[in-house]
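Undergrad: Pasting a structure here, questions to come.
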Amino acid sequence: MIEGMTALYIFMLAAVAGYEIIGRVPVILHTPLMSGSNFVHGIVLVGAMVALGHAQGPLEQLVGFIGVVLAAGNAVGGYVVTERMLEMFKSSKGSK
Amino acid sequence: MMHNLIQISYFIAAFLFIFGLKRMSSPVTARDGIFWAGIGMLVATLITFLEPGMHNYLLMTTAIFVGGVAAFWSGKKVAMTDMPQMIALYNGMGGGAAGAIAAVELLKGEFHSQTFLTLAVLGALIGSVSFSGSMVAFAKLQGLIRRPMRFPGQQLFNIAVFLVALGFGAALVIQGEFTGSIILIFFAAALAYGLFMALPIGGADMPVVISLFNALTGLAVAFEGFVLNNAAMIIAGTVVGSAGTLLTQLMARAMNRSLGNVLFSSFGSSDAAGSDSVEGSLKPIDAVDAGVMMAFAERVIIIPGYGMAVAQAQHKIHELMEMLLARGVDVKFAIHPVAGRMPGHMNVLLAEANVPYDRLYDLDEINSAFPQTDVALVIGANDVVNPSARTSPDSPIYGMPILNADQAKNVIVIKRGQGKGFSGVENALFYGDNTRMLYGDGQAMVGELIEAIKEL
């Protein structure tokens with residue numbers, strides 16, 4: 001179990017990390033990076049799986065099921081779209 | 001033993017997410033960034049199946065399959081120009097998933113402490129708002145909702161809806177006992193708020209809003225991570241939350257508008273502004289003359305905008321660039337931070353067409369070069385080259401940094417018709433003495449330019 005203060009520290013440090021990552025990014029990468037971070041919060045899939053895994057009764061199961069479907073969409077869609085965008089940076093480098 | 005294995009896997013996943021995002025922040029390493037982040041996701045997902053005490057595996061696998069296949073298929077199929085709305089869509093799904101997690105936990109009603117309960121409710125609120133708001137953003141960019149919806153007293157109404165959501169959320173926290181109807185009203189109000197918040201926002205502001213919802217989803221995921229005691233969710237969610245917030249600010253700043261301005265003011269709805277202040281006339285040119293002008297220029301700057309994306313003209317533009325380069329013309333691309341529907345949207349499209357990214361210049365890098373430029377070719381851009389932003393204080397876009405295309409010796413504007421830009425503001429550049437209008441579809445017109453240069 002993550003204790004209260006520890007949780008707060010994790011929260012703070014992760015926030016700083018996120019801020020630093022974006023801090024000096026060239027404009028050309030803004031869209032891919034937004035898409036990439038969109039993929040990263042697809043980790044909600046893990047939580048949705050746990051929630052569904054402990055769900056009891058049809059209502060909880062239904063809501064949990066919807067949650068997993070949505071989360072899987074977030075993760076997979078986010079990856080595919082980001083990958084397609086970044087793929088182009090290779091071709092532009094190759095043609096130089 | 002199993003517990004440790006799961007925890008270590010989550011640790012690795014969290015590290016890979018941060019590492020991947022960091023790699024994604026440089027053009028050289030960006031491509032393997034998403035790969036490493038993807039590995040992290042795979043590790044975290046697979047290990048979660050081993051979480052003790054779970055059931056419903058069949059449902060779980062089915063759900064992953066359904067959501068995954070649908071998203072994979074739509075993500076592969078979508079055209080590059082439609083990427084922004086897909087980001088909005090997938091982001092909304094993430095927010096919805098965070099809301100669903102909270103809903104399941106609330107229905108179960110077993111919370112270790114008041115703090116966890118509060119976080120669950122907050123995450124649910126933010127996630128739900130992000131879900132319905134992102135869906136509206138998707139619908140708008142997809143053209144399903146054509147115009148911003150506004151009505152008198154809208155802001156008061158929105159605040160009221162928000163307060164209802166907040167009130168019922170607080171009731172859940174304080175009461176500690178969860179009746180279905182309170183949960184239902186709480187979620188309904190939260191979803192309604194996201195809907196009403198996004199409806200009045202104009203299409204030109206959508207990138208900023210999508211970025212904001214992206215950050216909000218991250219935050220919601222982090223909160224639900226606390227509730228489920230899942231470190232990977234806490235870290236990944238928080239990183240996205242803060243990175244997304246900064247990204248949102250950068251975008252808003254590029255448009256010279258505050259976030260509050262984007263969210264709460266009705267941009268472009270003031271019909272009076274800017275419509276009567278433009279003098280001069282629109283002077284058309286044909287493709288042959290324009291082609292000659294460019295072929296014998298020394299320096300050409302191409303300014304793409306959303307119109308280029310719509311016309312799918314980026315490949316033709318690349319061809320034009322190659323031809324001009326072969327003739328010894330210096331060709332540069334000027335990319336406004338908010339050209340298109342997202343920052344970097346133009347860069348992505350031009351990269352797709354093999355335009356090397358060292359030919360693309362930011363606003364700050366290129367603006368000083370316009371006075372020495374023979375031809376500025378504007379294709380499908382409008383508001384980002386409107387000199388009214390510099391000269392006319394009563395224009396709604398006054399103060400927004402623009403590309404100073406009007407300072408080039410000649411300006412050629414490729415444009416489909418005589419309509420206004422996304423902001424609904426008349427563009428003084430089009431009426432300038434040094435400006436010629438080339439009317440037609442972007443792709444077709446660039447094709448004609450290429451033909452004209454070929455025949456020289």
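Each chain in the structure tokens gets a letter, A, B and so on, in the order shown; residues start at 1 in every chain, and ligands are counted from 1 in the order they appear.
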Give me, as a PDB file with all heavy atoms, in the first residue's frame, all polymer residues having an atom no more than 7 Å from region 231-237 of chain B, counting only C-alpha atoms and skipping those fewer than 2 positions away in the same chain.
TA:
```pdb
ATOM      1  N   PHE A  11       3.515  11.810  -6.748  1.00  0.00           N
ATOM      2  CA  PHE A  11       2.716  12.727  -7.550  1.00  0.00           C
ATOM      3  C   PHE A  11       3.555  13.936  -7.962  1.00  0.00           C
ATOM      4  O   PHE A  11       3.604  14.322  -9.130  1.00  0.00           O
ATOM      5  CB  PHE A  11       1.500  13.162  -6.727  1.00  0.00           C
ATOM      6  CG  PHE A  11       0.475  13.917  -7.505  1.00  0.00           C
ATOM      7  CD1 PHE A  11      -0.327  13.259  -8.435  1.00  0.00           C
ATOM      8  CD2 PHE A  11       0.289  15.268  -7.310  1.00  0.00           C
ATOM      9  CE1 PHE A  11      -1.285  13.946  -9.162  1.00  0.00           C
ATOM     10  CE2 PHE A  11      -0.666  15.965  -8.034  1.00  0.00           C
ATOM     11  CZ  PHE A  11      -1.448  15.302  -8.955  1.00  0.00           C
ATOM     12  N   ALA A  14       6.536  12.945 -10.374  1.00  0.00           N
ATOM     13  CA  ALA A  14       6.041  12.591 -11.705  1.00  0.00           C
ATOM     14  C   ALA A  14       5.604  13.839 -12.464  1.00  0.00           C
ATOM     15  O   ALA A  14       5.831  13.968 -13.676  1.00  0.00           O
ATOM     16  CB  ALA A  14       4.882  11.600 -11.590  1.00  0.00           C
ATOM     17  N   VAL A  40       0.082   7.057 -23.545  1.00  0.00           N
ATOM     18  CA  VAL A  40       0.588   6.684 -22.222  1.00  0.00           C
ATOM     19  C   VAL A  40      -0.527   6.619 -21.182  1.00  0.00           C
ATOM     20  O   VAL A  40      -0.542   5.716 -20.345  1.00  0.00           O
ATOM     21  CB  VAL A  40       1.718   7.646 -21.786  1.00  0.00           C
ATOM     22  CG1 VAL A  40       2.015   7.484 -20.314  1.00  0.00           C
ATOM     23  CG2 VAL A  40       2.977   7.368 -22.596  1.00  0.00           C
ATOM     24  N   HIS A  41      -1.510   7.529 -21.247  1.00  0.00           N
ATOM     25  CA  HIS A  41      -2.570   7.380 -20.246  1.00  0.00           C
ATOM     26  C   HIS A  41      -3.518   6.233 -20.587  1.00  0.00           C
ATOM     27  O   HIS A  41      -4.458   5.960 -19.851  1.00  0.00           O
ATOM     28  CB  HIS A  41      -3.253   8.703 -19.897  1.00  0.00           C
ATOM     29  CG  HIS A  41      -4.075   9.342 -20.982  1.00  0.00           C
ATOM     30  ND1 HIS A  41      -5.049   8.697 -21.679  1.00  0.00           N
ATOM     31  CD2 HIS A  41      -4.065  10.612 -21.468  1.00  0.00           C
ATOM     32  CE1 HIS A  41      -5.612   9.521 -22.534  1.00  0.00           C
ATOM     33  NE2 HIS A  41      -5.023  10.690 -22.446  1.00  0.00           N
ATOM     34  N   ILE A  43      -2.664   3.510 -19.995  1.00  0.00           N
ATOM     35  CA  ILE A  43      -2.373   2.617 -18.875  1.00  0.00           C
ATOM     36  C   ILE A  43      -3.620   2.433 -18.002  1.00  0.00           C
ATOM     37  O   ILE A  43      -3.692   1.510 -17.193  1.00  0.00           O
ATOM     38  CB  ILE A  43      -1.198   3.177 -18.018  1.00  0.00           C
ATOM     39  CG1 ILE A  43      -0.736   2.185 -16.943  1.00  0.00           C
ATOM     40  CG2 ILE A  43      -1.593   4.482 -17.356  1.00  0.00           C
ATOM     41  CD1 ILE A  43      -0.082   0.961 -17.486  1.00  0.00           C
ATOM     42  N   VAL A  44      -4.599   3.292 -18.214  1.00  0.00           N
ATOM     43  CA  VAL A  44      -5.876   3.145 -17.511  1.00  0.00           C
ATOM     44  C   VAL A  44      -6.466   1.761 -17.760  1.00  0.00           C
ATOM     45  O   VAL A  44      -7.256   1.248 -16.975  1.00  0.00           O
ATOM     46  CB  VAL A  44      -6.856   4.270 -17.946  1.00  0.00           C
ATOM     47  CG1 VAL A  44      -7.337   4.061 -19.369  1.00  0.00           C
ATOM     48  CG2 VAL A  44      -8.023   4.378 -16.994  1.00  0.00           C
TER      49      VAL A  44
ATOM     50  N   TYR B  10       5.221  -3.177 -13.013  1.00  0.00           N
ATOM     51  CA  TYR B  10       4.655  -1.827 -13.076  1.00  0.00           C
ATOM     52  C   TYR B  10       5.757  -0.779 -13.025  1.00  0.00           C
ATOM     53  O   TYR B  10       5.692   0.258 -13.686  1.00  0.00           O
ATOM     54  CB  TYR B  10       3.660  -1.612 -11.926  1.00  0.00           C
ATOM     55  CG  TYR B  10       2.328  -2.292 -12.153  1.00  0.00           C
ATOM     56  CD1 TYR B  10       1.446  -2.510 -11.108  1.00  0.00           C
ATOM     57  CD2 TYR B  10       1.949  -2.702 -13.426  1.00  0.00           C
ATOM     58  CE1 TYR B  10       0.224  -3.130 -11.305  1.00  0.00           C
ATOM     59  CE2 TYR B  10       0.724  -3.331 -13.642  1.00  0.00           C
ATOM     60  CZ  TYR B  10      -0.133  -3.536 -12.572  1.00  0.00           C
ATOM     61  OH  TYR B  10      -1.335  -4.149 -12.778  1.00  0.00           O
ATOM     62  N   PHE B  11       6.765  -1.056 -12.211  1.00  0.00           N
ATOM     63  CA  PHE B  11       7.908  -0.126 -12.115  1.00  0.00           C
ATOM     64  C   PHE B  11       8.576   0.014 -13.487  1.00  0.00           C
ATOM     65  O   PHE B  11       8.847   1.124 -13.954  1.00  0.00           O
ATOM     66  CB  PHE B  11       8.905  -0.641 -11.072  1.00  0.00           C
ATOM     67  CG  PHE B  11      10.131   0.221 -10.947  1.00  0.00           C
ATOM     68  CD1 PHE B  11      10.116   1.359 -10.142  1.00  0.00           C
ATOM     69  CD2 PHE B  11      11.296  -0.083 -11.647  1.00  0.00           C
ATOM     70  CE1 PHE B  11      11.233   2.162 -10.033  1.00  0.00           C
ATOM     71  CE2 PHE B  11      12.411   0.724 -11.550  1.00  0.00           C
ATOM     72  CZ  PHE B  11      12.383   1.851 -10.739  1.00  0.00           C
ATOM     73  N   ALA B  13       7.265  -0.612 -16.374  1.00  0.00           N
ATOM     74  CA  ALA B  13       6.344   0.072 -17.283  1.00  0.00           C
ATOM     75  C   ALA B  13       6.419   1.580 -17.080  1.00  0.00           C
ATOM     76  O   ALA B  13       6.520   2.353 -18.042  1.00  0.00           O
ATOM     77  CB  ALA B  13       4.919  -0.427 -17.055  1.00  0.00           C
ATOM     78  N   ALA B  14       6.387   2.009 -15.804  1.00  0.00           N
ATOM     79  CA  ALA B  14       6.432   3.447 -15.520  1.00  0.00           C
ATOM     80  C   ALA B  14       7.718   4.063 -16.060  1.00  0.00           C
ATOM     81  O   ALA B  14       7.710   5.137 -16.664  1.00  0.00           O
ATOM     82  CB  ALA B  14       6.322   3.678 -14.004  1.00  0.00           C
ATOM     83  N   PHE B  17       7.539   4.358 -19.853  1.00  0.00           N
ATOM     84  CA  PHE B  17       6.679   5.455 -20.304  1.00  0.00           C
ATOM     85  C   PHE B  17       7.447   6.778 -20.304  1.00  0.00           C
ATOM     86  O   PHE B  17       7.423   7.536 -21.266  1.00  0.00           O
ATOM     87  CB  PHE B  17       5.453   5.591 -19.398  1.00  0.00           C
ATOM     88  CG  PHE B  17       4.453   4.494 -19.582  1.00  0.00           C
ATOM     89  CD1 PHE B  17       3.665   4.070 -18.530  1.00  0.00           C
ATOM     90  CD2 PHE B  17       4.295   3.880 -20.814  1.00  0.00           C
ATOM     91  CE1 PHE B  17       2.753   3.058 -18.694  1.00  0.00           C
ATOM     92  CE2 PHE B  17       3.389   2.867 -20.998  1.00  0.00           C
ATOM     93  CZ  PHE B  17       2.608   2.451 -19.929  1.00  0.00           C
ATOM     94  N   GLY B 218      -5.218  12.371 -18.139  1.00  0.00           N
ATOM     95  CA  GLY B 218      -4.039  11.936 -17.396  1.00  0.00           C
ATOM     96  C   GLY B 218      -4.257  12.067 -15.902  1.00  0.00           C
ATOM     97  O   GLY B 218      -3.990  11.132 -15.127  1.00  0.00           O
ATOM     98  N   LEU B 219      -4.790  13.195 -15.496  1.00  0.00           N
ATOM     99  CA  LEU B 219      -5.033  13.455 -14.081  1.00  0.00           C
ATOM    100  C   LEU B 219      -6.049  12.465 -13.512  1.00  0.00           C
ATOM    101  O   LEU B 219      -5.864  11.911 -12.422  1.00  0.00           O
ATOM    102  CB  LEU B 219      -5.546  14.893 -13.921  1.00  0.00           C
ATOM    103  CG  LEU B 219      -5.371  15.523 -12.556  1.00  0.00           C
ATOM    104  CD1 LEU B 219      -3.902  15.577 -12.178  1.00  0.00           C
ATOM    105  CD2 LEU B 219      -5.983  16.921 -12.540  1.00  0.00           C
ATOM    106  N   VAL B 221      -6.698   9.506 -14.598  1.00  0.00           N
ATOM    107  CA  VAL B 221      -6.053   8.194 -14.506  1.00  0.00           C
ATOM    108  C   VAL B 221      -5.190   8.118 -13.252  1.00  0.00           C
ATOM    109  O   VAL B 221      -5.195   7.122 -12.521  1.00  0.00           O
ATOM    110  CB  VAL B 221      -5.214   7.907 -15.767  1.00  0.00           C
ATOM    111  CG1 VAL B 221      -4.366   6.659 -15.591  1.00  0.00           C
ATOM    112  CG2 VAL B 221      -6.122   7.755 -16.980  1.00  0.00           C
ATOM    113  N   ALA B 222      -4.453   9.197 -12.968  1.00  0.00           N
ATOM    114  CA  ALA B 222      -3.601   9.225 -11.780  1.00  0.00           C
ATOM    115  C   ALA B 222      -4.445   9.067 -10.514  1.00  0.00           C
ATOM    116  O   ALA B 222      -4.099   8.299  -9.617  1.00  0.00           O
ATOM    117  CB  ALA B 222      -2.812  10.524 -11.733  1.00  0.00           C
ATOM    118  N   PHE B 223      -5.583   9.790 -10.446  1.00  0.00           N
ATOM    119  CA  PHE B 223      -6.445   9.709  -9.260  1.00  0.00           C
ATOM    120  C   PHE B 223      -6.974   8.292  -9.065  1.00  0.00           C
ATOM    121  O   PHE B 223      -6.965   7.764  -7.951  1.00  0.00           O
ATOM    122  CB  PHE B 223      -7.612  10.700  -9.382  1.00  0.00           C
ATOM    123  CG  PHE B 223      -7.197  12.126  -9.127  1.00  0.00           C
ATOM    124  CD1 PHE B 223      -8.078  13.178  -9.352  1.00  0.00           C
ATOM    125  CD2 PHE B 223      -5.927  12.436  -8.657  1.00  0.00           C
ATOM    126  CE1 PHE B 223      -7.704  14.492  -9.118  1.00  0.00           C
ATOM    127  CE2 PHE B 223      -5.541  13.742  -8.422  1.00  0.00           C
ATOM    128  CZ  PHE B 223      -6.441  14.776  -8.659  1.00  0.00           C
ATOM    129  N   GLY B 225      -5.577   5.735 -10.110  1.00  0.00           N
ATOM    130  CA  GLY B 225      -4.402   4.944  -9.733  1.00  0.00           C
ATOM    131  C   GLY B 225      -4.195   4.941  -8.232  1.00  0.00           C
ATOM    132  O   GLY B 225      -3.878   3.898  -7.634  1.00  0.00           O
ATOM    133  N   PHE B 226      -4.415   6.081  -7.594  1.00  0.00           N
ATOM    134  CA  PHE B 226      -4.317   6.147  -6.135  1.00  0.00           C
ATOM    135  C   PHE B 226      -5.359   5.234  -5.505  1.00  0.00           C
ATOM    136  O   PHE B 226      -5.083   4.496  -4.557  1.00  0.00           O
ATOM    137  CB  PHE B 226      -4.536   7.581  -5.638  1.00  0.00           C
ATOM    138  CG  PHE B 226      -3.322   8.449  -5.787  1.00  0.00           C
ATOM    139  CD1 PHE B 226      -3.328   9.540  -6.640  1.00  0.00           C
ATOM    140  CD2 PHE B 226      -2.169   8.183  -5.072  1.00  0.00           C
ATOM    141  CE1 PHE B 226      -2.211  10.342  -6.786  1.00  0.00           C
ATOM    142  CE2 PHE B 226      -1.037   8.984  -5.206  1.00  0.00           C
ATOM    143  CZ  PHE B 226      -1.070  10.063  -6.060  1.00  0.00           C
ATOM    144  N   ASN B 229      -4.413   1.782  -5.888  1.00  0.00           N
ATOM    145  CA  ASN B 229      -3.076   1.555  -5.373  1.00  0.00           C
ATOM    146  C   ASN B 229      -2.153   0.994  -6.454  1.00  0.00           C
ATOM    147  O   ASN B 229      -1.459   0.007  -6.278  1.00  0.00           O
ATOM    148  CB  ASN B 229      -3.139   0.590  -4.182  1.00  0.00           C
ATOM    149  CG  ASN B 229      -1.828   0.537  -3.443  1.00  0.00           C
ATOM    150  OD1 ASN B 229      -1.136   1.559  -3.368  1.00  0.00           O
ATOM    151  ND2 ASN B 229      -1.475  -0.619  -2.935  1.00  0.00           N
ATOM    152  N   VAL B 239       2.383  12.165 -15.125  1.00  0.00           N
ATOM    153  CA  VAL B 239       3.305  12.669 -16.149  1.00  0.00           C
ATOM    154  C   VAL B 239       2.506  13.275 -17.305  1.00  0.00           C
ATOM    155  O   VAL B 239       2.772  14.391 -17.764  1.00  0.00           O
ATOM    156  CB  VAL B 239       4.233  11.544 -16.668  1.00  0.00           C
ATOM    157  CG1 VAL B 239       4.942  11.961 -17.941  1.00  0.00           C
ATOM    158  CG2 VAL B 239       5.257  11.186 -15.606  1.00  0.00           C
ATOM    159  N   VAL B 240       1.499  12.557 -17.760  1.00  0.00           N
ATOM    160  CA  VAL B 240       0.670  13.072 -18.858  1.00  0.00           C
ATOM    161  C   VAL B 240      -0.089  14.318 -18.417  1.00  0.00           C
ATOM    162  O   VAL B 240      -0.208  15.290 -19.167  1.00  0.00           O
ATOM    163  CB  VAL B 240      -0.318  11.996 -19.354  1.00  0.00           C
ATOM    164  CG1 VAL B 240      -1.275  12.575 -20.372  1.00  0.00           C
ATOM    165  CG2 VAL B 240       0.430  10.829 -19.946  1.00  0.00           C
ATOM    166  N   GLY B 241      -0.568  14.300 -17.179  1.00  0.00           N
ATOM    167  CA  GLY B 241      -1.291  15.458 -16.670  1.00  0.00           C
ATOM    168  C   GLY B 241      -0.457  16.721 -16.719  1.00  0.00           C
ATOM    169  O   GLY B 241      -0.903  17.755 -17.215  1.00  0.00           O
TER     170      GLY B 241
END
```
Undergrad: May I have the residues within 7 Å of region 18-30 of chain A as a tab-separated table (two decimals) with N, CA and C atoms, in the first residue's frame, using only C-alpha atoms and disregarding those fewer than 6 positions away in the same chain?
TA:
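That gives us selection19.tsv:
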```
chain	number	residue	atom	x	y	z
B	22	LYS	N	10.35	10.82	-23.31
B	22	LYS	CA	11.57	11.63	-23.46
B	22	LYS	C	12.16	11.43	-24.86
B	25	SER	N	10.55	13.34	-27.60
B	25	SER	CA	10.65	14.79	-27.63
B	25	SER	C	11.82	15.27	-28.48
B	26	SER	N	12.43	14.39	-29.25
B	26	SER	CA	13.43	14.81	-30.23
B	26	SER	C	13.16	14.10	-31.55
B	239	VAL	N	2.38	12.16	-15.13
B	239	VAL	CA	3.30	12.67	-16.15
B	239	VAL	C	2.51	13.28	-17.31
B	240	VAL	N	1.50	12.56	-17.76
B	240	VAL	CA	0.67	13.07	-18.86
B	240	VAL	C	-0.09	14.32	-18.42
B	242	SER	N	0.77	16.65	-16.25
B	242	SER	CA	1.59	17.86	-16.21
B	242	SER	C	2.14	18.19	-17.60
B	243	ALA	N	2.59	17.16	-18.33
B	243	ALA	CA	3.08	17.42	-19.69
B	243	ALA	C	1.97	18.02	-20.55
B	246	LEU	N	1.30	21.72	-19.71
B	246	LEU	CA	2.31	22.61	-20.30
B	246	LEU	C	2.10	22.74	-21.80
B	247	LEU	N	1.81	21.62	-22.44
B	247	LEU	CA	1.57	21.62	-23.89
B	247	LEU	C	0.37	22.52	-24.22
B	337	PRO	N	2.73	28.11	-35.64
B	337	PRO	CA	2.49	27.12	-34.58
B	337	PRO	C	1.08	26.54	-34.60
B	343	PRO	N	-0.88	22.05	-33.36
B	343	PRO	CA	0.52	22.43	-33.54
B	343	PRO	C	1.28	21.27	-34.14
B	344	GLY	N	2.06	21.53	-35.16
B	344	GLY	CA	2.83	20.46	-35.77
B	344	GLY	C	2.04	19.67	-36.80
B	347	ASN	N	3.68	20.02	-40.10
B	347	ASN	CA	4.96	19.31	-40.13
B	347	ASN	C	4.76	17.84	-40.41
```
Undergrad: Name the residues in contact with Ser35 (chain A) at a cut-off of 9 Å, using only C-alpha atoms, excluding same-chain residues fewer than 4 positions from it; report them as an NGL selection string.
TA: (:A and (30-31 or 39-40 or 78-79 or 81-82 or 85)) or (:B and (84 or 87 or 91 or 214))
Undergrad: Between CA of Leu45 (chain A) and CA of Met206 (chain B), what is the distance, to one decimal in Å?
TA: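 Between these atoms lies a distance of 26.0 Å.
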Undergrad: Based on the backbone DSSP call, show me all residues of region 235-372 of chain B assigned strand (DSSP E), as a ChimeraX atom specification.
TA: /B:299-304,330-335,360-362
Undergrad: For the residues selected in the previous step, produce a file with C-alpha atoms as a PDB file, in the first residue's frame.
TA:
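Written out: selection_25.pdb:
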```
ATOM      1  CA  ARG B 299      13.792  32.947 -52.672  1.00  0.00           C
ATOM      2  CA  VAL B 300      10.398  31.353 -52.175  1.00  0.00           C
ATOM      3  CA  ILE B 301       8.652  30.712 -48.896  1.00  0.00           C
ATOM      4  CA  ILE B 302       5.697  28.340 -48.863  1.00  0.00           C
ATOM      5  CA  ILE B 303       3.109  28.846 -46.132  1.00  0.00           C
ATOM      6  CA  PRO B 304       0.799  25.864 -45.726  1.00  0.00           C
ATOM      7  CA  ASP B 330      15.839  28.666 -52.456  1.00  0.00           C
ATOM      8  CA  VAL B 331      12.645  27.137 -51.021  1.00  0.00           C
ATOM      9  CA  LYS B 332      11.656  27.310 -47.381  1.00  0.00           C
ATOM     10  CA  PHE B 333       8.501  26.416 -45.535  1.00  0.00           C
ATOM     11  CA  ALA B 334       7.082  28.716 -42.895  1.00  0.00           C
ATOM     12  CA  ILE B 335       5.081  26.851 -40.296  1.00  0.00           C
ATOM     13  CA  LEU B 360      10.582  23.799 -42.216  1.00  0.00           C
ATOM     14  CA  TYR B 361      10.964  26.952 -40.181  1.00  0.00           C
ATOM     15  CA  ASP B 362       9.158  28.235 -37.112  1.00  0.00           C
TER      16      ASP B 362
END
```
Undergrad: Please determine, counting only C-alpha atoms, which residue among A:Pro58, A:Pro32, A:Gly4, A:Gly53 has the shortest atom-to-atom distance to chain B.
TA: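 Of the candidates, the smallest distance to chain B is held by A:Gly53.
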Undergrad: Please provide the set of residues having any atom within 12 Å of Leu156 (chain B), restricted to only C-alpha atoms, with same-chain residues fewer than 5 positions apart removed, written as a list in words.
TA: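 So, after excluding close chain neighbours, the residues are Phe151, Val161, Phe162, Leu163, Tyr193, Phe196, Met197 and Phe264 of chain B.
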Undergrad: Taking all heavy atoms for each residue, export the selection above as a short mmCIF file (atom, residue, chain, number, x, y, z; two decimals), in the first residue's frame.
TA:
```cif
data_model
loop_
_atom_site.label_atom_id
_atom_site.label_comp_id
_atom_site.auth_asym_id
_atom_site.auth_seq_id
_atom_site.Cartn_x
_atom_site.Cartn_y
_atom_site.Cartn_z
N PHE B 151 -25.95 29.98 -26.60
CA PHE B 151 -27.25 30.57 -26.26
C PHE B 151 -27.04 31.51 -25.08
O PHE B 151 -26.05 31.41 -24.37
CB PHE B 151 -28.28 29.48 -25.94
CG PHE B 151 -27.84 28.48 -24.91
CD1 PHE B 151 -27.97 28.74 -23.55
CD2 PHE B 151 -27.27 27.26 -25.30
CE1 PHE B 151 -27.58 27.82 -22.61
CE2 PHE B 151 -26.87 26.33 -24.35
CZ PHE B 151 -27.02 26.61 -23.01
N VAL B 161 -24.63 23.47 -14.06
CA VAL B 161 -24.45 22.03 -14.30
C VAL B 161 -23.24 21.51 -13.54
O VAL B 161 -23.28 20.45 -12.90
CB VAL B 161 -24.29 21.74 -15.81
CG1 VAL B 161 -23.96 20.27 -16.05
CG2 VAL B 161 -25.57 22.11 -16.55
N PHE B 162 -22.16 22.30 -13.58
CA PHE B 162 -20.94 21.89 -12.89
C PHE B 162 -21.19 21.78 -11.39
O PHE B 162 -20.74 20.83 -10.74
CB PHE B 162 -19.82 22.90 -13.17
CG PHE B 162 -18.50 22.51 -12.57
CD1 PHE B 162 -17.79 21.44 -13.08
CD2 PHE B 162 -17.99 23.20 -11.49
CE1 PHE B 162 -16.58 21.06 -12.53
CE2 PHE B 162 -16.78 22.84 -10.92
CZ PHE B 162 -16.08 21.77 -11.45
N LEU B 163 -21.93 22.76 -10.85
CA LEU B 163 -22.21 22.74 -9.41
C LEU B 163 -23.06 21.53 -9.02
O LEU B 163 -22.87 20.95 -7.95
CB LEU B 163 -22.90 24.04 -8.98
CG LEU B 163 -21.97 25.26 -8.96
CD1 LEU B 163 -22.74 26.51 -8.54
CD2 LEU B 163 -20.80 25.03 -8.00
N TYR B 193 -21.75 18.34 -18.20
CA TYR B 193 -20.87 19.52 -18.14
C TYR B 193 -19.82 19.47 -19.25
O TYR B 193 -19.58 20.48 -19.91
CB TYR B 193 -20.19 19.62 -16.77
CG TYR B 193 -19.26 20.80 -16.73
CD1 TYR B 193 -19.77 22.10 -16.73
CD2 TYR B 193 -17.88 20.64 -16.75
CE1 TYR B 193 -18.94 23.19 -16.75
CE2 TYR B 193 -17.03 21.73 -16.77
CZ TYR B 193 -17.57 23.00 -16.76
OH TYR B 193 -16.74 24.08 -16.80
N PHE B 196 -21.56 20.49 -22.50
CA PHE B 196 -21.90 21.91 -22.63
C PHE B 196 -20.67 22.80 -22.63
O PHE B 196 -20.68 23.89 -23.19
CB PHE B 196 -22.86 22.33 -21.51
CG PHE B 196 -24.23 21.74 -21.67
CD1 PHE B 196 -24.77 20.92 -20.71
CD2 PHE B 196 -24.97 22.00 -22.81
CE1 PHE B 196 -26.03 20.36 -20.86
CE2 PHE B 196 -26.24 21.45 -22.98
CZ PHE B 196 -26.76 20.63 -22.00
N MET B 197 -19.60 22.32 -22.00
CA MET B 197 -18.37 23.11 -21.96
C MET B 197 -17.73 23.16 -23.35
O MET B 197 -17.22 24.18 -23.78
CB MET B 197 -17.42 22.45 -20.96
CG MET B 197 -16.03 23.01 -20.92
SD MET B 197 -15.03 21.94 -19.87
CE MET B 197 -13.41 22.48 -20.35
N PHE B 264 -13.88 30.32 -22.36
CA PHE B 264 -15.07 31.03 -21.91
C PHE B 264 -15.51 32.20 -22.79
O PHE B 264 -16.52 32.80 -22.56
CB PHE B 264 -14.89 31.51 -20.47
CG PHE B 264 -14.58 30.40 -19.54
CD1 PHE B 264 -13.39 30.36 -18.85
CD2 PHE B 264 -15.47 29.35 -19.38
CE1 PHE B 264 -13.09 29.30 -18.00
CE2 PHE B 264 -15.18 28.30 -18.54
CZ PHE B 264 -13.99 28.27 -17.84
#
```
